[in-house]
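Okay, so here's the structure we're looking at.
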Amino acid sequence: MPPQTQAQRRRRTGNRDEDPRRRRQSRRNNESDNSESSEEDQDGDVDMEKAGDGTEDQLVKKLVRYALACEYARITIRRDGIRDKVLGNNSRSFKRVFEDAQAQLQNVFGMEMLELPVKEKRTLKEKQKANARKAASQSTTSSRQYILVSTLPREYKSQSIVAPSRIPSTPEEAAYVGFYTMIISLIVLNGGELSDTKLRRYLTRLNASQNLPMDKTDNVLQKIARQGYVDKVVEKSDGDEDAVTWCVGPRGRVEVPPESIAAIVTEVWGDLPDDFNKKLQRSLGIQELDQLELEGGIPEE
């Protein structure tokens with residue numbers, strides 16, 4: 001074989017021997033990089049830190065939009081919904097993103113996310129299940145649900161500033177707010193529970209079937225129950241008709257506190273008797289009712 005041909009074969013063979021070595025070295029480098037990144041992911045929010053503040057800012061803005069959209073539809077802001085629809089793979093950043101979103105809501109919109117109280121167990125079966133879960137788990141009870149409430153000072157909560165929403169229309173929204181506020185007030189003033197029969201008598205006297213502009217009375221009652229303003233408790237009974245009782249729901253307890261009910265009753269009553277405040281305090285379970293708060297009007301959440 002000529003010397004030139006032998007030299008060419010040696011060069012080809014050498015190149016083939018070097019290629020597997022380079023591939024193995026490259027593969028080892030990639031594996032080491034992947035192992036390092038996986039270890040960093042296990043330590044904490046490394047991906048969020050690497051992406052920089054820009055990614056976290058986007059998550060904060062996304063949470064703010066999600067909270068506003070939920071409140072617009074009067075849907076509770078669920079913690080699971082935040083993880084699934086906002087954070088995605090960045091669930092470990094929940095606390096930091098939540099706090100930054102709270103700051104933006106307060107500074108820009110004058111609102112904040114407030115956790116709802118845990119829904120009370122009304123029926124015997126619900127109470128038994130709750131006691132069984134409490135015995136099995138020692139963790140603190142939390143509703144894991146939030147709504148937006150106003151953080152504006154009282155002087156900025158007048159009707160001229162915080163007016164009813166224009167969607168679907170201002171009169172319809174005002175009527176809806178007035179309706180569920182009136183229902184909650186009746187329930188609270190009747191000791192926290194109101195039978196369905198008694199509620200129907202109140203609605204008949206108020207002529208609700210004709211005065212509600214948005215829908216039939218039963219449909220509006222279902223709507224306020226679905227949105228958490230009231231709870232409809234149905235006690236099953238053998239043979240007889242089911243006992244239906246209405247109670248204040250988690251959202252209703254937050255948006256219509258006793259002070260708001262006191263302001264409504266005072267406004268509707270007109271000329272107040274001397275012992276009015278004491279009786280109202282006793283009915284609402286308020287230790288001390290400030291007359292100035294009553295004169296300040298109905299606080300809006």
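Lettering and numbering for the structure tokens are positional, with chains as A, B, ... in the shown order, residues counted from 1 in each chain, and ligands counted from 1 in the shown order.
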### Message
What's around region 103-120 of chain A at 10 Å? Count only C-alpha atoms, leave out sequence neighbours fewer than 2 positions away in its own chain, and write the answer as a ChimeraX atom specification.
### Response
/A:60-61,63-65,67-68,71,76-79,97-101,122-123,126-127,130,141-153,228,231,247-254,301
### Every residue of region 118-279 of chain A that DSSP places in alpha helix (DSSP H), as a PyMOL selection string
chain A and resi 124-136+170-189+196-205+208-211+217-226+250-255+258-269+276-279
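One finds CA of Thr181 (chain A) at 20.1 Å from CA of Asn277 (chain A).
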Just asking: which residues within region 54-268 of chain A are strand (DSSP E or B) according to DSSP, as a PDB file with C-alpha atoms, in the first residue's frame?
```pdb
ATOM      1  CA  ILE A  77     -60.590  33.043  45.542  1.00  0.00           C
ATOM      2  CA  ARG A  78     -59.504  29.508  46.378  1.00  0.00           C
ATOM      3  CA  MET A 111     -58.560  46.268  48.407  1.00  0.00           C
ATOM      4  CA  GLU A 112     -57.084  43.188  50.021  1.00  0.00           C
ATOM      5  CA  MET A 113     -57.725  39.462  50.010  1.00  0.00           C
ATOM      6  CA  LEU A 114     -59.373  38.428  53.278  1.00  0.00           C
ATOM      7  CA  GLU A 115     -59.752  34.796  54.251  1.00  0.00           C
ATOM      8  CA  GLN A 145     -60.819  30.730  50.498  1.00  0.00           C
ATOM      9  CA  TYR A 146     -60.591  34.511  50.138  1.00  0.00           C
ATOM     10  CA  ILE A 147     -62.649  37.441  48.943  1.00  0.00           C
ATOM     11  CA  LEU A 148     -61.686  41.028  48.170  1.00  0.00           C
ATOM     12  CA  VAL A 149     -62.675  43.636  50.746  1.00  0.00           C
ATOM     13  CA  SER A 150     -62.166  47.364  50.730  1.00  0.00           C
ATOM     14  CA  GLU A 193     -81.490  31.212  62.000  1.00  0.00           C
ATOM     15  CA  LEU A 194     -84.681  31.747  60.045  1.00  0.00           C
ATOM     16  CA  SER A 195     -87.119  29.066  58.960  1.00  0.00           C
ATOM     17  CA  VAL A 230     -76.544  32.681  53.081  1.00  0.00           C
ATOM     18  CA  ASP A 231     -76.643  28.968  53.798  1.00  0.00           C
ATOM     19  CA  LYS A 232     -79.719  26.913  53.056  1.00  0.00           C
ATOM     20  CA  VAL A 233     -79.811  24.052  55.572  1.00  0.00           C
ATOM     21  CA  VAL A 234     -82.082  21.122  54.760  1.00  0.00           C
ATOM     22  CA  GLU A 235     -82.753  18.601  57.515  1.00  0.00           C
ATOM     23  CA  ALA A 243     -87.076  21.214  57.540  1.00  0.00           C
ATOM     24  CA  VAL A 244     -85.461  24.138  55.699  1.00  0.00           C
ATOM     25  CA  THR A 245     -83.561  26.778  57.649  1.00  0.00           C
ATOM     26  CA  TRP A 246     -81.642  29.830  56.416  1.00  0.00           C
ATOM     27  CA  CYS A 247     -78.398  30.953  58.078  1.00  0.00           C
ATOM     28  CA  VAL A 248     -75.727  33.544  57.308  1.00  0.00           C
TER      29      VAL A 248
END
```
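Here the question is which of A:Glu267, A:Ala69, A:Tyr202, A:Pro164 gets nearest to Asn190 (chain A) using only C-alpha atoms, and that residue is A:Tyr202.
CA of Leu280 (chain A) is found 25.2 Å from CA of Ala174 (chain A).
Of the residues listed (A:Ile167, A:Leu284, A:Val268, A:Val162), A:Leu284 shows the shortest atom-to-atom separation from Leu189 (chain A); distances use only C-alpha atoms.
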### All residues 8 Å or closer to Leu212 (chain A), only C-alpha atoms, same chain fewer than 5 positions away omitted, as a PyMOL selection string
chain A and resi 175-176+217
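Distance check against Ile183 (chain A) using only C-alpha atoms: of A:Gly81, A:Arg166, A:Ile264, A:Gln210, the minimum falls on A:Ile264.
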